[in-house]
Amino acid sequence: MTLLGEFALWISLPVALWGMVLGYAGGRTQRGDFVLSAERSIYAVFGLHLIASAGIVAAFLGDRFQYWYVANYSNRELELFYKVTGLWAGQRGSLLFWALLLGLFASICVFQNRRKNREFMPYVAAVLQTILAFFVVVLLFADVNPFERLDFTPVNGRGLNPQLQNYWMTIHPPTLYLGFTAFTVPFAFAVSALLSGRLDARWIQLTRRWILTSWLFLSVGIVFGMRWAYEELGWGGYWFWDPVENASLLPWLTATAFLHSIQIQENRGMLKVWNMSLVLLTFLLTIFATFLTRSGLIESVHSFAQELRIAIIFLAFMGAVLAASVVLILYRLPQLRSENRIESFFSRESAFLFNNLILIGAAFSVMFGTMFPLISEGFTGQEISVGPPFFERVNFPIGLALLALAGIGPVIAWRRATRKNLQKNFSTPVLVGAAVAAALWTTGARHPLALTTWGIGAFVLTIIATEFWKGTRARARIEGEGYLLALFHLVSRNRRRWGGYVVHVGMVMIFMAFAGAAYNVDQRFLMEPGDVVEVASPMGHTYQLRHDGLSVNLANGQRNLLWQAIVTVSVWKDGEPQGILTTEKRQYTTQEMGSPPMTEVGIRSYPLEDLYLILSELDDLQGAVSANSEAQGLYLQVLVKPLVSWIWFGCLILAGGTIIALWPSVDRRKSAATPSTQAVPEPAVVVAAD
Amino acid sequence: MKKNGRFMVGLVGVAAVVTYLIWTGVSETMVYYLTPVELLERVEADPTFHDVGVKVSGQVVKGTYRRADGEHLHLFTVQDLADESATFSVEYRNALPDTFTDEVEVVLEGRLRPDGVFEATTLLTKCGSRYEAAPEELAG
């Protein structure tokens with residue numbers, strides 16, 4: 001099976017190249033048979049990569065440690081679940097998995113457009129095959145072949161890093177990859193538009209759902225990563241501005257900008273060059289992120305040499321894509337001229353443009369900060385780095401401006417907002433925002449950034465709530481419907497608009513939850529069994545925690561576990577018993593000799609705050625483990641983290657809003673029959689649509 | 001867009017603000033990233049460098065790690081990755097990351113005190129999921 005998989009991977013290269021050449025040729029010569037063959041080659045490549053991936057999974061399941069990749073990411077004792085997900089546990093498998101997902105999306109795209117939008121398809125197929133071919137080349141020739149064999153067979157593998165043995169960590173990378181790969185389709189359509197000269201907003205309409213799908217997976221994937229860091233890394237945070245995190249944030253920022261700027265092109269025929277540039281930039285950033293997430297390029301300049309080959313191949317590819325796309329855009333520049341001009345500073349186009357500029361500014365600052373060690377070393381020979389304080393200083397003000405625009409953008413008038421329009425839409429929300437900030441001030445909240453965030457958040461929520469209320473009331477009156485039914489009809493009539501509002505609500509919640517970090521409590525206690533400590537939370541609650549004892553389990557290698565030391569803590573909140581929480585130290589057999597054990601934290605979530613316990617250190621760890629010590633003293637780190645649950649909840653709302661916007665129109669027939677505002681029938685380009 | 005002076009001012013304003021934020025952000029939060037050899041040379045040449053916060057990457061010397069009794073204090077020695085003779089001892093008063101081992105490559109932030117002890121405020125390890133072992137390591 002594994003040999004067959006390796007064979008399939010090799011075969012996929014000529015097939016992809018064939019499809020690439022025939023796609024371009026088909027586009028030039030308009031020969032239908034060429035195009036058909038190019039499209040079929042996409043199904044073939046997907047099928048071959050499916051076989052290759054199955055080969056890797058089979059190698060994991062069969063404990064075939066002669067394969068370097070399996071030996072490094074698995075061992076006999078690893079749970080079945082993690083053997084299957086071993087496919088994307090490391091760089092090599094991840095690259096294959098990337099190609100597999102891209103092939104899947106490419107096949108869906110080709111299948112959906114088998115009878116329509118034929119003018120785009122030759123080049124779309126060609127571009128998709130080019131990118132697929134690139135990934136196969138990387139897999140086969142950049143020292144990252146997952147099928148590489150060792151010249152001996154180890155008795156057992158090294159096992160999977162225990163920190164990766166977490167539910168969130170198994171779904172976080174694939175979710176991000178779904179986001180990255182889904183964005184390839186809009187990019188392919190954009191290039192096809194440039195090549196074929198069909199430069200109106202059609203390519204945007206056709207790929208709107210792909211863009212949203214990609215954005216959804218990117219957003220959710222990033223939050224999954226935060227959740228993993230929060231549960232597993234054991235330091236109480238969810239974001240550290242680590243290069244790898246930043247790499248996944250970059251395409252999200254530019255994709256968000258793109259989602260907004262395409263609306264200006266659709267509505268006002270402006271920003272055509274800008275949109276082409278954004279789709280290109282986002283695509284390049286998804287490739288960059290793929291490359292960065294599984295390599296150590298930035299964290300450690302020293303590991304650069306080991307990764308030199310793959311780095312050069314990736315950079316060369318990105319350079320080639322960039323150069324080719326820029327040449328194409330320049331070539332088509334006369335046809336990309338704007339049909340309108342910005343008429344007023346106070347207009348929706350202007351608000352959207354500022355949103356774009358700010359997002360690009362944020363992306364630039366994140367990129368700059370991430371690359372700063374490399375930049376400074378290049379210029380001064382001295383490596384100087386910037387850490388989380390830099391990213392926070394720069395991005396907090398940017399984030400606040402963006403948050404405010406999330407309220408202003410949707411309601412300010414197109415073209416030119418009158419003073420009356422501004423007053424009517426914004427006076428109440430501004431008052432509500434100020435009132436909320438003032439009310440919080442009186443409760444003792446003094447942190448300026450947090451107060452500003454909550455004030456602006458209240459401003460945006462008021463605007464959106466007012467919009468929903470006005471729309472529902474108007475519809476209820478005109479159609480004589482009940483309010484709930486009216487709300488349902490309102491949203492289903494224009495899912496894009498109302499779904500977008502819901503997404504904004506989710507974003508506001510997430511931002512307001514971030515601001516809760518200003519009030520984090522972090523205390524450390526030395527505790528003996530029976531000791532009770534008290535921690536006051538910023539929300540005015542008091543937690544009492546009692547050390548109920550330490551128990552050590554010797555697991556003797558089951559599930560790769562050597563031993564675990566579990567502390568049981570009884571929790572009271574304002575005197576009410578809350579049951580027990582445990583936090584652990586675990587030593588795994590797969591850890592290096594002499595490594596300290598890993599920490600498992602205990603988290604209790606309440607609507608407004610999380611209680612987060614970390615077993616910081618044991619008094620006599622070795623004694624406890626060898627069971628010749630009665631010492632039960634330990635350091636317990638107690639964190640109270642306000643509003644953290646609202647990040648996860650906000651993400652759910654955001655996902656819900658995106659799905660509303662993605663959902664196919666119920667009355668597609670009607671809108672196709674009447675050449676109304678939405679003259680173009682909704683393209684059915686998403687799986688769920690057909 | 002020529003007609004719209006106000007709009008252009010807005011655009012330039014956003015660009016200027018972002019540039020300003022990045023500029024001040026860098027100048028106020030930047031940290032020298034040095035190797036132990038460079039750090040020792042630096043303080044030799046300029047004793048005021050003892051007060052400058054720096055980031056140092058080096059390797060924990062095997063067998064030097066210990067915890068001060070009854071205190072939340074970790075002690076170990078770090079050596080230069082290239083030059084094993086360049087070493088200094090480290091005091092670290094926080095919880096160690098799970099990935100810490102007594103021969104791991106670490107990135108420390110803090111300052112080198114005049115008594116030659118590096119007082120670390122943060123400690124990161126360079127290893128884990130993103131790095132892969134060379135095949136020959138498996139054989140051993």
# chains A, B, ... in the order shown; residues from 1 in each chain; ligands from 1

call {"tool": "interface_residues", "arguments": {"of": "chain B", "to": "chain A", "cutoff": "6 Å", "atoms": "only C-alpha atoms", "output": "PDB file with all heavy atoms, in the first residue's frame"}}
result
ATOM      1  N   PHE B   7      -9.448  63.257   1.083  1.00  0.00           N
ATOM      2  CA  PHE B   7      -9.309  61.816   1.092  1.00  0.00           C
ATOM      3  C   PHE B   7      -7.834  61.401   1.071  1.00  0.00           C
ATOM      4  O   PHE B   7      -7.417  60.507   1.807  1.00  0.00           O
ATOM      5  CB  PHE B   7     -10.046  61.215  -0.111  1.00  0.00           C
ATOM      6  CG  PHE B   7     -10.119  59.747  -0.049  1.00  0.00           C
ATOM      7  CD1 PHE B   7     -10.992  59.124   0.824  1.00  0.00           C
ATOM      8  CD2 PHE B   7      -9.284  58.971  -0.821  1.00  0.00           C
ATOM      9  CE1 PHE B   7     -11.043  57.762   0.911  1.00  0.00           C
ATOM     10  CE2 PHE B   7      -9.326  57.602  -0.739  1.00  0.00           C
ATOM     11  CZ  PHE B   7     -10.212  56.998   0.120  1.00  0.00           C
ATOM     12  N   LEU B  21       3.697  54.124  14.424  1.00  0.00           N
ATOM     13  CA  LEU B  21       3.520  53.055  15.409  1.00  0.00           C
ATOM     14  C   LEU B  21       4.627  52.015  15.291  1.00  0.00           C
ATOM     15  O   LEU B  21       5.182  51.566  16.299  1.00  0.00           O
ATOM     16  CB  LEU B  21       2.161  52.381  15.213  1.00  0.00           C
ATOM     17  CG  LEU B  21       0.942  53.161  15.687  1.00  0.00           C
ATOM     18  CD1 LEU B  21      -0.333  52.482  15.237  1.00  0.00           C
ATOM     19  CD2 LEU B  21       0.959  53.282  17.210  1.00  0.00           C
ATOM     20  N   GLY B  25       7.360  51.608  18.040  1.00  0.00           N
ATOM     21  CA  GLY B  25       7.259  50.253  18.581  1.00  0.00           C
ATOM     22  C   GLY B  25       8.610  49.563  18.561  1.00  0.00           C
ATOM     23  O   GLY B  25       9.036  48.972  19.549  1.00  0.00           O
ATOM     24  N   THR B  29      10.763  48.709  21.980  1.00  0.00           N
ATOM     25  CA  THR B  29      10.642  47.331  22.450  1.00  0.00           C
ATOM     26  C   THR B  29      11.744  46.434  21.917  1.00  0.00           C
ATOM     27  O   THR B  29      11.774  45.255  22.219  1.00  0.00           O
ATOM     28  CB  THR B  29       9.298  46.707  22.024  1.00  0.00           C
ATOM     29  OG1 THR B  29       9.284  46.619  20.593  1.00  0.00           O
ATOM     30  CG2 THR B  29       8.130  47.525  22.499  1.00  0.00           C
ATOM     31  N   MET B  30      12.646  46.990  21.106  1.00  0.00           N
ATOM     32  CA  MET B  30      13.620  46.095  20.496  1.00  0.00           C
ATOM     33  C   MET B  30      14.606  45.565  21.530  1.00  0.00           C
ATOM     34  O   MET B  30      14.903  46.215  22.526  1.00  0.00           O
ATOM     35  CB  MET B  30      14.366  46.781  19.362  1.00  0.00           C
ATOM     36  CG  MET B  30      15.339  47.824  19.823  1.00  0.00           C
ATOM     37  SD  MET B  30      16.214  48.458  18.386  1.00  0.00           S
ATOM     38  CE  MET B  30      17.534  49.343  19.184  1.00  0.00           C
ATOM     39  N   VAL B  31      15.044  44.380  21.278  1.00  0.00           N
ATOM     40  CA  VAL B  31      15.941  43.697  22.195  1.00  0.00           C
ATOM     41  C   VAL B  31      17.104  43.160  21.384  1.00  0.00           C
ATOM     42  O   VAL B  31      16.905  42.560  20.336  1.00  0.00           O
ATOM     43  CB  VAL B  31      15.209  42.509  22.869  1.00  0.00           C
ATOM     44  CG1 VAL B  31      16.136  41.820  23.839  1.00  0.00           C
ATOM     45  CG2 VAL B  31      13.961  42.983  23.565  1.00  0.00           C
ATOM     46  N   TYR B  32      18.312  43.407  21.869  1.00  0.00           N
ATOM     47  CA  TYR B  32      19.462  42.847  21.183  1.00  0.00           C
ATOM     48  C   TYR B  32      19.431  41.347  21.319  1.00  0.00           C
ATOM     49  O   TYR B  32      19.152  40.804  22.386  1.00  0.00           O
ATOM     50  CB  TYR B  32      20.762  43.377  21.798  1.00  0.00           C
ATOM     51  CG  TYR B  32      21.079  44.765  21.351  1.00  0.00           C
ATOM     52  CD1 TYR B  32      20.709  45.866  22.114  1.00  0.00           C
ATOM     53  CD2 TYR B  32      21.747  44.970  20.153  1.00  0.00           C
ATOM     54  CE1 TYR B  32      20.996  47.142  21.692  1.00  0.00           C
ATOM     55  CE2 TYR B  32      22.036  46.247  19.722  1.00  0.00           C
ATOM     56  CZ  TYR B  32      21.660  47.337  20.493  1.00  0.00           C
ATOM     57  OH  TYR B  32      21.942  48.585  20.069  1.00  0.00           O
ATOM     58  N   TYR B  33      19.700  40.699  20.230  1.00  0.00           N
ATOM     59  CA  TYR B  33      19.713  39.243  20.228  1.00  0.00           C
ATOM     60  C   TYR B  33      21.159  38.827  20.055  1.00  0.00           C
ATOM     61  O   TYR B  33      21.739  39.018  19.012  1.00  0.00           O
ATOM     62  CB  TYR B  33      18.842  38.735  19.084  1.00  0.00           C
ATOM     63  CG  TYR B  33      18.409  37.302  19.197  1.00  0.00           C
ATOM     64  CD1 TYR B  33      17.527  36.752  18.285  1.00  0.00           C
ATOM     65  CD2 TYR B  33      18.869  36.490  20.222  1.00  0.00           C
ATOM     66  CE1 TYR B  33      17.113  35.438  18.380  1.00  0.00           C
ATOM     67  CE2 TYR B  33      18.462  35.182  20.323  1.00  0.00           C
ATOM     68  CZ  TYR B  33      17.590  34.658  19.400  1.00  0.00           C
ATOM     69  OH  TYR B  33      17.176  33.350  19.500  1.00  0.00           O
ATOM     70  N   ALA B  95       8.176  29.598  36.228  1.00  0.00           N
ATOM     71  CA  ALA B  95       7.977  28.188  35.889  1.00  0.00           C
ATOM     72  C   ALA B  95       8.693  27.889  34.576  1.00  0.00           C
ATOM     73  O   ALA B  95       8.646  28.686  33.650  1.00  0.00           O
ATOM     74  CB  ALA B  95       6.496  27.882  35.757  1.00  0.00           C
ATOM     75  N   ASP B  98       7.501  23.372  29.517  1.00  0.00           N
ATOM     76  CA  ASP B  98       7.517  21.916  29.491  1.00  0.00           C
ATOM     77  C   ASP B  98       8.620  21.363  28.606  1.00  0.00           C
ATOM     78  O   ASP B  98       9.037  20.228  28.765  1.00  0.00           O
ATOM     79  CB  ASP B  98       6.161  21.400  28.986  1.00  0.00           C
ATOM     80  CG  ASP B  98       5.096  21.561  30.048  1.00  0.00           C
ATOM     81  OD1 ASP B  98       5.469  21.748  31.219  1.00  0.00           O
ATOM     82  OD2 ASP B  98       3.907  21.500  29.709  1.00  0.00           O
ATOM     83  N   THR B 101      14.873  20.991  28.824  1.00  0.00           N
ATOM     84  CA  THR B 101      15.652  19.840  29.284  1.00  0.00           C
ATOM     85  C   THR B 101      17.022  20.372  29.678  1.00  0.00           C
ATOM     86  O   THR B 101      17.333  21.519  29.391  1.00  0.00           O
ATOM     87  CB  THR B 101      15.859  18.789  28.176  1.00  0.00           C
ATOM     88  OG1 THR B 101      16.805  19.317  27.246  1.00  0.00           O
ATOM     89  CG2 THR B 101      14.582  18.451  27.482  1.00  0.00           C
ATOM     90  N   ARG B 130       8.237  21.643  15.832  1.00  0.00           N
ATOM     91  CA  ARG B 130       8.566  22.173  14.510  1.00  0.00           C
ATOM     92  C   ARG B 130       9.929  21.717  14.043  1.00  0.00           C
ATOM     93  O   ARG B 130      10.331  21.977  12.944  1.00  0.00           O
ATOM     94  CB  ARG B 130       8.491  23.685  14.537  1.00  0.00           C
ATOM     95  CG  ARG B 130       7.053  24.128  14.671  1.00  0.00           C
ATOM     96  CD  ARG B 130       6.981  25.530  15.154  1.00  0.00           C
ATOM     97  NE  ARG B 130       5.663  25.761  15.693  1.00  0.00           N
ATOM     98  CZ  ARG B 130       5.418  26.488  16.767  1.00  0.00           C
ATOM     99  NH1 ARG B 130       6.411  27.062  17.406  1.00  0.00           N
ATOM    100  NH2 ARG B 130       4.210  26.657  17.185  1.00  0.00           N
TER     101      ARG B 130
END

call {"tool": "select_by_dssp", "arguments": {"residues": "chain B", "states": "strand (DSSP E or B)", "output": "ChimeraX atom specification"}}
result
/B:31-34,54-60,66-67,74-79,87-92,105-112,117-125

call {"tool": "closest_residue", "arguments": {"among": "B:Leu34, B:Val12, B:Val60, B:Leu124", "to": "B:Thr87", "atoms": "only C-alpha atoms"}}
result
B:Val60

call {"tool": "atom_distance", "arguments": {"atom1": "atom CA of A:Phe217", "atom2": "atom CA of A:Val502"}}
result
16.6 Å

call {"tool": "residues_around", "arguments": {"residues": "B:Leu73", "least_positions_apart": "6", "cutoff": "7 Å", "atoms": "only C-alpha atoms", "output": "ChimeraX atom specification"}}
result
/B:67,91-93

call {"tool": "atom_distance", "arguments": {"atom1": "atom CA of A:Pro173", "atom2": "atom CA of A:Thr290"}}
result
9.8 Å

call {"tool": "residues_around", "arguments": {"residues": "A:Val136", "least_positions_apart": "4", "cutoff": "9 Å", "atoms": "only C-alpha atoms", "output": "short mmCIF file (atom, residue, chain, number, x, y, z; two decimals) with N, CA and C atoms, in the first residue's frame"}}
result
data_model
loop_
_atom_site.label_atom_id
_atom_site.label_comp_id
_atom_site.auth_asym_id
_atom_site.auth_seq_id
_atom_site.Cartn_x
_atom_site.Cartn_y
_atom_site.Cartn_z
N LEU A 9 2.44 9.12 -6.02
CA LEU A 9 2.97 10.48 -5.89
C LEU A 9 3.85 10.83 -7.09
N TRP A 10 4.71 9.87 -7.49
CA TRP A 10 5.58 10.12 -8.65
C TRP A 10 4.75 10.32 -9.91
N SER A 12 1.84 11.43 -10.18
CA SER A 12 1.03 12.65 -10.19
C SER A 12 1.79 13.83 -10.80
N LEU A 13 3.11 13.77 -10.79
CA LEU A 13 3.88 14.89 -11.34
C LEU A 13 3.67 15.05 -12.85
N ALA A 16 0.10 16.20 -13.52
CA ALA A 16 -0.14 17.61 -13.22
C ALA A 16 0.49 18.50 -14.30
N LEU A 95 2.79 18.64 3.79
CA LEU A 95 2.88 19.12 2.41
C LEU A 95 2.05 18.24 1.48
N LEU A 96 2.10 16.94 1.74
CA LEU A 96 1.27 16.02 0.95
C LEU A 96 -0.21 16.28 1.21
N ALA A 99 -1.37 19.25 -0.66
CA ALA A 99 -1.63 18.94 -2.06
C ALA A 99 -2.95 18.18 -2.20
N ILE A 131 0.08 24.91 -9.51
CA ILE A 131 0.35 24.93 -8.08
C ILE A 131 0.46 23.51 -7.53
N LEU A 132 -0.42 22.63 -8.04
CA LEU A 132 -0.31 21.23 -7.62
C LEU A 132 1.04 20.66 -8.01
N LEU A 140 8.90 15.77 -3.84
CA LEU A 140 9.82 14.78 -4.41
C LEU A 140 11.28 15.22 -4.38
N PHE A 141 11.51 16.53 -4.49
CA PHE A 141 12.90 16.95 -4.71
C PHE A 141 13.47 17.89 -3.66
#

call {"tool": "atom_distance", "arguments": {"atom1": "atom CA of A:Thr181", "atom2": "atom CA of A:Val321"}}
result
15.8 Å

call {"tool": "closest_residue", "arguments": {"among": "A:Gln558, A:Thr175, A:Thr466, A:Thr184", "to": "A:Leu284", "atoms": "only C-alpha atoms"}}
result
A:Thr184

call {"tool": "residues_around", "arguments": {"residues": "A:Leu440", "least_positions_apart": "4", "cutoff": "12 Å", "atoms": "only C-alpha atoms", "output": "list in words"}}
result
Gly433, Ala434, Ala435, Val436, Gly444, Ala445, Arg446, His447, Pro448, Ala450, Leu451, Thr452, Thr453, Trp454, Gly455, Ala458 and Met539 of chain A

call {"tool": "residues_around", "arguments": {"residues": "A:Trp274", "least_positions_apart": "3", "cutoff": "12 Å", "atoms": "only C-alpha atoms", "output": "ChimeraX atom specification"}}
result
/A:254,257-258,260-262,264-265,269-271,277-281,326,329,333,336-338,353,356-357,360

call {"tool": "closest_residue", "arguments": {"among": "A:Val223, A:Val508, A:Ala517, A:Val273", "to": "A:Trp648", "atoms": "only C-alpha atoms"}}
result
A:Val223

call {"tool": "closest_residue", "arguments": {"among": "A:Tyr606, A:Gln112, A:Leu643, A:Gly657", "to": "A:Val491", "atoms": "only C-alpha atoms"}}
result
A:Gly657
